[in-house]
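K.L.:
One structure coming up, written as structure tokens, with questions to follow.
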Amino acid sequence: MGQEAEYEQRVRDFTGYQVTEMLCREGGAHPDWKFMHCLPRKKHEVDDEVLIRISY
Amino acid sequence: MAVVPHLMTLADLSVPQIHRAVSHAYHLKQLSTPWLAPQLGSGKQPRLRMPSQSLFNKSIALLFSKRSTRTRLAAETAALLLGGRALFLGKDDIQLGVNESPRDTARVIGGMCQGIFARVGDHSEIEVRETSSFLNLHLHILTPAIRTQELAKYSPVPVLSALSSLWHPTQVLADLLTLHEHAHLFEPSTPPAGPTTKGQTEELPKLRPLTIAYVGDSANVLHDMLVTYPRLGHNLRVATPPKPAYQAPTPVWDRVKELKCDEKIWWGADPKEAVHGANVVVTDTWYSSSTLFIFG
């Protein structure tokens with residue numbers, strides 16, 4: 001499989017695996033849940049809303 | 001000859017060793033921050049205290065065949081503050097893997113440097129599979145896979161992994177430090193640690209047992225989480241897509257079982273189920289483990 005085809009396959013396989021507020025609300029995460037990522041981050045892994053709520 | 005300690009994964013360390021590493025990192029971070037980032041201080045001139053010069057006159061080889069921002073910066077500035085020097089050896093700087101074996105390279109470096117911090121590739125099979133042109137294939141054959149483990153096998157000085165395709169011990173040590181630094185966020189009744197008392201550094205804040213969720217691919221950061229967090233009392237909940245390609249590789253799961261970490265791990269395919277009750281949610285790049293972007 002070429003890189004592009006593999007990328008597209010992965011996009012399909014990881015649909016629904018993006019970390020979002022909605023996922024954590026619906027899944028019943030603790031209301032004050034924190035997010036960690038080793039960076040660099042790509043948007044398909046975690047959406048912008050999650051990063052905006054980061055508390056230092 | 002004495003056994004040389006290496007660090008390939010946190011599975012190699014005992015719980016007290018992990019705790020000591022994180023506590024020492026917390027201590028060094030307090031001493032180092034006013035030197036490294038004075039602009040982060042309160043405005044008034046902080047009292048500069050010198051970290052112990054434990055690397056005085058020592059050279060640490062940073063063997064990086066993959067790109068890095070954070071790891072390289074952290075390693076180079078840390079070596080300087082500890083009184084030593086980091087020698088950055090990129091893939092175009094030395095002979096490793098071109099016409100010198102890992103054995104020879106490890107011995108030469110070990111004859112002049114006192115430690116090796118290595119981020120070298122070990123996904124050559126994928127490069128072959130992904131590469132069609134004769135030229136690239138030819139170049140690949142001239143570039144045998146160099147594994148951190150191979151370096152460690154022959155090195156007379158400690159080799160620390162700065163990421164491999166299977167493990168990422170320093171990332172999970174850093175994550176543990178972050179969690180301890182923010183321990184008060186998980187204990188609403190406990191105020192954050194106060195200002196540093198004169199001449200002393202604060203003790204590492206205690207961290208209560210947490211539920212930590214990971215959503216994404218079974219990759220190096222998760223693998224070190226699997227062999228570490230359960231031993232420290234944390235529950236781990238993981239969701240990866242159900243295909244075999246996204247499950248933990250056998251060498252990883254063997255270490256998980258050996259350390260009896262599997263008792264505190266829930267693993268499924270549903271991300272919602274994984275984040276249930278989570279205090280912390282972690283993810284990582286999923287376009288990584290079988291691609292050229294692996295070390296992106």
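Ligands are numbered from 1 in the order shown, chains are lettered A, B, ... in the order of the structure tokens, and residues start at 1 in each chain.
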Dump as a PDB file with N, CA and C atoms, in the first residue's frame the residues of chain A that approach chain B to within 8 Å, counting only C-alpha atoms.

P.N.:
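Output file selection.pdb follows:
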ATOM      1  N   MET A   1       0.847  -1.204   0.000  1.00  0.00           N
ATOM      2  CA  MET A   1       0.000   0.000   0.000  1.00  0.00           C
ATOM      3  C   MET A   1       0.878   1.247   0.000  1.00  0.00           C
ATOM      4  N   GLY A   2       0.575   2.183  -0.890  1.00  0.00           N
ATOM      5  CA  GLY A   2       1.338   3.427  -0.907  1.00  0.00           C
ATOM      6  C   GLY A   2       1.033   4.260   0.319  1.00  0.00           C
ATOM      7  N   GLN A   3       1.840   5.274   0.523  1.00  0.00           N
ATOM      8  CA  GLN A   3       1.642   6.105   1.718  1.00  0.00           C
ATOM      9  C   GLN A   3       0.277   6.787   1.731  1.00  0.00           C
ATOM     10  N   TYR A   7      -2.658   6.305   4.367  1.00  0.00           N
ATOM     11  CA  TYR A   7      -3.169   7.451   5.129  1.00  0.00           C
ATOM     12  C   TYR A   7      -4.695   7.465   5.092  1.00  0.00           C
ATOM     13  N   ARG A  10      -6.165   4.830   7.253  1.00  0.00           N
ATOM     14  CA  ARG A  10      -6.079   5.202   8.681  1.00  0.00           C
ATOM     15  C   ARG A  10      -7.138   6.242   9.041  1.00  0.00           C
ATOM     16  N   ASP A  13     -10.131   4.286   9.614  1.00  0.00           N
ATOM     17  CA  ASP A  13     -10.062   3.448  10.817  1.00  0.00           C
ATOM     18  C   ASP A  13     -10.185   4.274  12.100  1.00  0.00           C
ATOM     19  N   PHE A  14      -9.678   5.502  12.077  1.00  0.00           N
ATOM     20  CA  PHE A  14      -9.657   6.310  13.303  1.00  0.00           C
ATOM     21  C   PHE A  14     -10.821   7.303  13.392  1.00  0.00           C
ATOM     22  N   GLY A  16     -13.946   8.739  14.701  1.00  0.00           N
ATOM     23  CA  GLY A  16     -14.551   8.561  16.018  1.00  0.00           C
ATOM     24  C   GLY A  16     -13.536   8.521  17.145  1.00  0.00           C
ATOM     25  N   TYR A  17     -12.260   8.517  16.795  1.00  0.00           N
ATOM     26  CA  TYR A  17     -11.212   8.453  17.820  1.00  0.00           C
ATOM     27  C   TYR A  17     -10.589   9.816  18.114  1.00  0.00           C
ATOM     28  N   GLN A  18     -11.156  10.882  17.553  1.00  0.00           N
ATOM     29  CA  GLN A  18     -10.646  12.215  17.862  1.00  0.00           C
ATOM     30  C   GLN A  18     -11.105  12.606  19.278  1.00  0.00           C
ATOM     31  N   VAL A  19     -10.188  13.133  20.067  1.00  0.00           N
ATOM     32  CA  VAL A  19     -10.551  13.564  21.426  1.00  0.00           C
ATOM     33  C   VAL A  19     -11.276  14.906  21.329  1.00  0.00           C
ATOM     34  N   LEU A  23     -17.026  13.846  23.039  1.00  0.00           N
ATOM     35  CA  LEU A  23     -16.659  12.451  23.330  1.00  0.00           C
ATOM     36  C   LEU A  23     -16.559  12.243  24.845  1.00  0.00           C
ATOM     37  N   CYS A  24     -15.878  13.182  25.514  1.00  0.00           N
ATOM     38  CA  CYS A  24     -15.648  13.006  26.945  1.00  0.00           C
ATOM     39  C   CYS A  24     -16.930  13.217  27.748  1.00  0.00           C
ATOM     40  N   GLU A  26     -20.057  12.607  26.559  1.00  0.00           N
ATOM     41  CA  GLU A  26     -20.908  11.435  26.309  1.00  0.00           C
ATOM     42  C   GLU A  26     -20.346  10.170  26.943  1.00  0.00           C
ATOM     43  N   GLY A  27     -19.033  10.082  27.004  1.00  0.00           N
ATOM     44  CA  GLY A  27     -18.415   8.892  27.583  1.00  0.00           C
ATOM     45  C   GLY A  27     -18.411   8.914  29.109  1.00  0.00           C
ATOM     46  N   GLY A  28     -18.687  10.080  29.683  1.00  0.00           N
ATOM     47  CA  GLY A  28     -18.719  10.160  31.145  1.00  0.00           C
ATOM     48  C   GLY A  28     -17.344  10.330  31.773  1.00  0.00           C
ATOM     49  N   ALA A  29     -16.478  11.113  31.112  1.00  0.00           N
ATOM     50  CA  ALA A  29     -15.201  11.445  31.757  1.00  0.00           C
ATOM     51  C   ALA A  29     -15.495  12.328  32.963  1.00  0.00           C
ATOM     52  N   HIS A  30     -14.555  12.429  33.876  1.00  0.00           N
ATOM     53  CA  HIS A  30     -14.700  13.327  35.012  1.00  0.00           C
ATOM     54  C   HIS A  30     -14.930  14.743  34.469  1.00  0.00           C
ATOM     55  N   ASP A  32     -13.935  17.547  35.254  1.00  0.00           N
ATOM     56  CA  ASP A  32     -12.716  18.356  35.203  1.00  0.00           C
ATOM     57  C   ASP A  32     -11.561  17.635  34.510  1.00  0.00           C
ATOM     58  N   TRP A  33     -11.870  16.773  33.578  1.00  0.00           N
ATOM     59  CA  TRP A  33     -10.807  15.977  32.947  1.00  0.00           C
ATOM     60  C   TRP A  33      -9.762  16.885  32.295  1.00  0.00           C
ATOM     61  N   LYS A  34      -8.522  16.393  32.327  1.00  0.00           N
ATOM     62  CA  LYS A  34      -7.402  17.138  31.728  1.00  0.00           C
ATOM     63  C   LYS A  34      -6.897  16.386  30.509  1.00  0.00           C
ATOM     64  N   PHE A  35      -6.279  17.143  29.607  1.00  0.00           N
ATOM     65  CA  PHE A  35      -5.775  16.545  28.372  1.00  0.00           C
ATOM     66  C   PHE A  35      -4.247  16.628  28.330  1.00  0.00           C
ATOM     67  N   MET A  36      -3.597  15.563  27.896  1.00  0.00           N
ATOM     68  CA  MET A  36      -2.135  15.585  27.701  1.00  0.00           C
ATOM     69  C   MET A  36      -1.782  15.063  26.306  1.00  0.00           C
ATOM     70  N   HIS A  37      -0.794  15.701  25.702  1.00  0.00           N
ATOM     71  CA  HIS A  37      -0.323  15.282  24.380  1.00  0.00           C
ATOM     72  C   HIS A  37       1.171  15.577  24.295  1.00  0.00           C
ATOM     73  N   CYS A  38       1.934  14.663  23.695  1.00  0.00           N
ATOM     74  CA  CYS A  38       3.392  14.841  23.684  1.00  0.00           C
ATOM     75  C   CYS A  38       3.851  15.828  22.608  1.00  0.00           C
ATOM     76  N   LEU A  39       2.981  16.201  21.694  1.00  0.00           N
ATOM     77  CA  LEU A  39       3.275  17.171  20.638  1.00  0.00           C
ATOM     78  C   LEU A  39       4.384  16.672  19.687  1.00  0.00           C
ATOM     79  N   PRO A  40       4.438  17.051  18.457  1.00  0.00           N
ATOM     80  CA  PRO A  40       3.484  17.950  17.813  1.00  0.00           C
ATOM     81  C   PRO A  40       2.109  17.288  17.628  1.00  0.00           C
ATOM     82  N   ARG A  41       1.093  18.118  17.624  1.00  0.00           N
ATOM     83  CA  ARG A  41      -0.272  17.621  17.600  1.00  0.00           C
ATOM     84  C   ARG A  41      -0.896  17.891  16.236  1.00  0.00           C
ATOM     85  N   LYS A  42      -1.683  16.929  15.773  1.00  0.00           N
ATOM     86  CA  LYS A  42      -2.439  17.144  14.538  1.00  0.00           C
ATOM     87  C   LYS A  42      -3.922  17.202  14.912  1.00  0.00           C
ATOM     88  N   GLU A  45      -6.380  14.302  15.714  1.00  0.00           N
ATOM     89  CA  GLU A  45      -6.292  13.544  16.970  1.00  0.00           C
ATOM     90  C   GLU A  45      -7.085  14.211  18.086  1.00  0.00           C
ATOM     91  N   VAL A  46      -7.103  15.530  18.050  1.00  0.00           N
ATOM     92  CA  VAL A  46      -7.772  16.276  19.121  1.00  0.00           C
ATOM     93  C   VAL A  46      -8.225  17.603  18.516  1.00  0.00           C
TER      94      VAL A  46
END

K.L.:
Extract, using only C-alpha atoms, all DNA, RNA and protein residues at most 8 Å from Glu21 (chain A), discarding same-chain residues fewer than 4 positions from it, and format them as a ChimeraX atom specification.

P.N.:
/A:25,49-50

K.L.:
Any idea what the distance is between CA of Ala61 (chain B) and CA of Asp224 (chain B)?

P.N.:
23.4 Å

K.L.:
Which residues come within 12 Å of Val4 (chain B), counting only C-alpha atoms, excluding same-chain residues fewer than 4 positions away, as JSON, numbers by chain?

P.N.:
{"B": [110, 114, 115, 116, 152, 153, 154, 155, 156, 157, 158, 159, 160]}

K.L.:
For Cys261 (chain B), work out the shell of residues within 8 Å, counting only C-alpha atoms and skipping chain neighbours fewer than 2 positions away, then give it as a list in words.

P.N.:
Leu226, Val227, Thr228, Pro230, Arg231, Val256, Lys257, Glu258, Leu259, Glu263, Lys264 and Ile265 of chain B

K.L.:
To test your reading of the structure, identify every residue in chain A that backbone DSSP assigns to helix (DSSP H, G or I), and report it as a list in words.

P.N.:
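Selecting the helix (DSSP H, G or I) positions of chain A gives Gln3, Glu4, Ala5, Glu6, Tyr7, Glu8, Gln9, Arg10, Val11, Arg12, Asp13, Glu21, Met22, Leu23, Cys24, Arg25, Glu26, Gly27, Asp48, Glu49, Val50, Leu51 and Ile52 of chain A.
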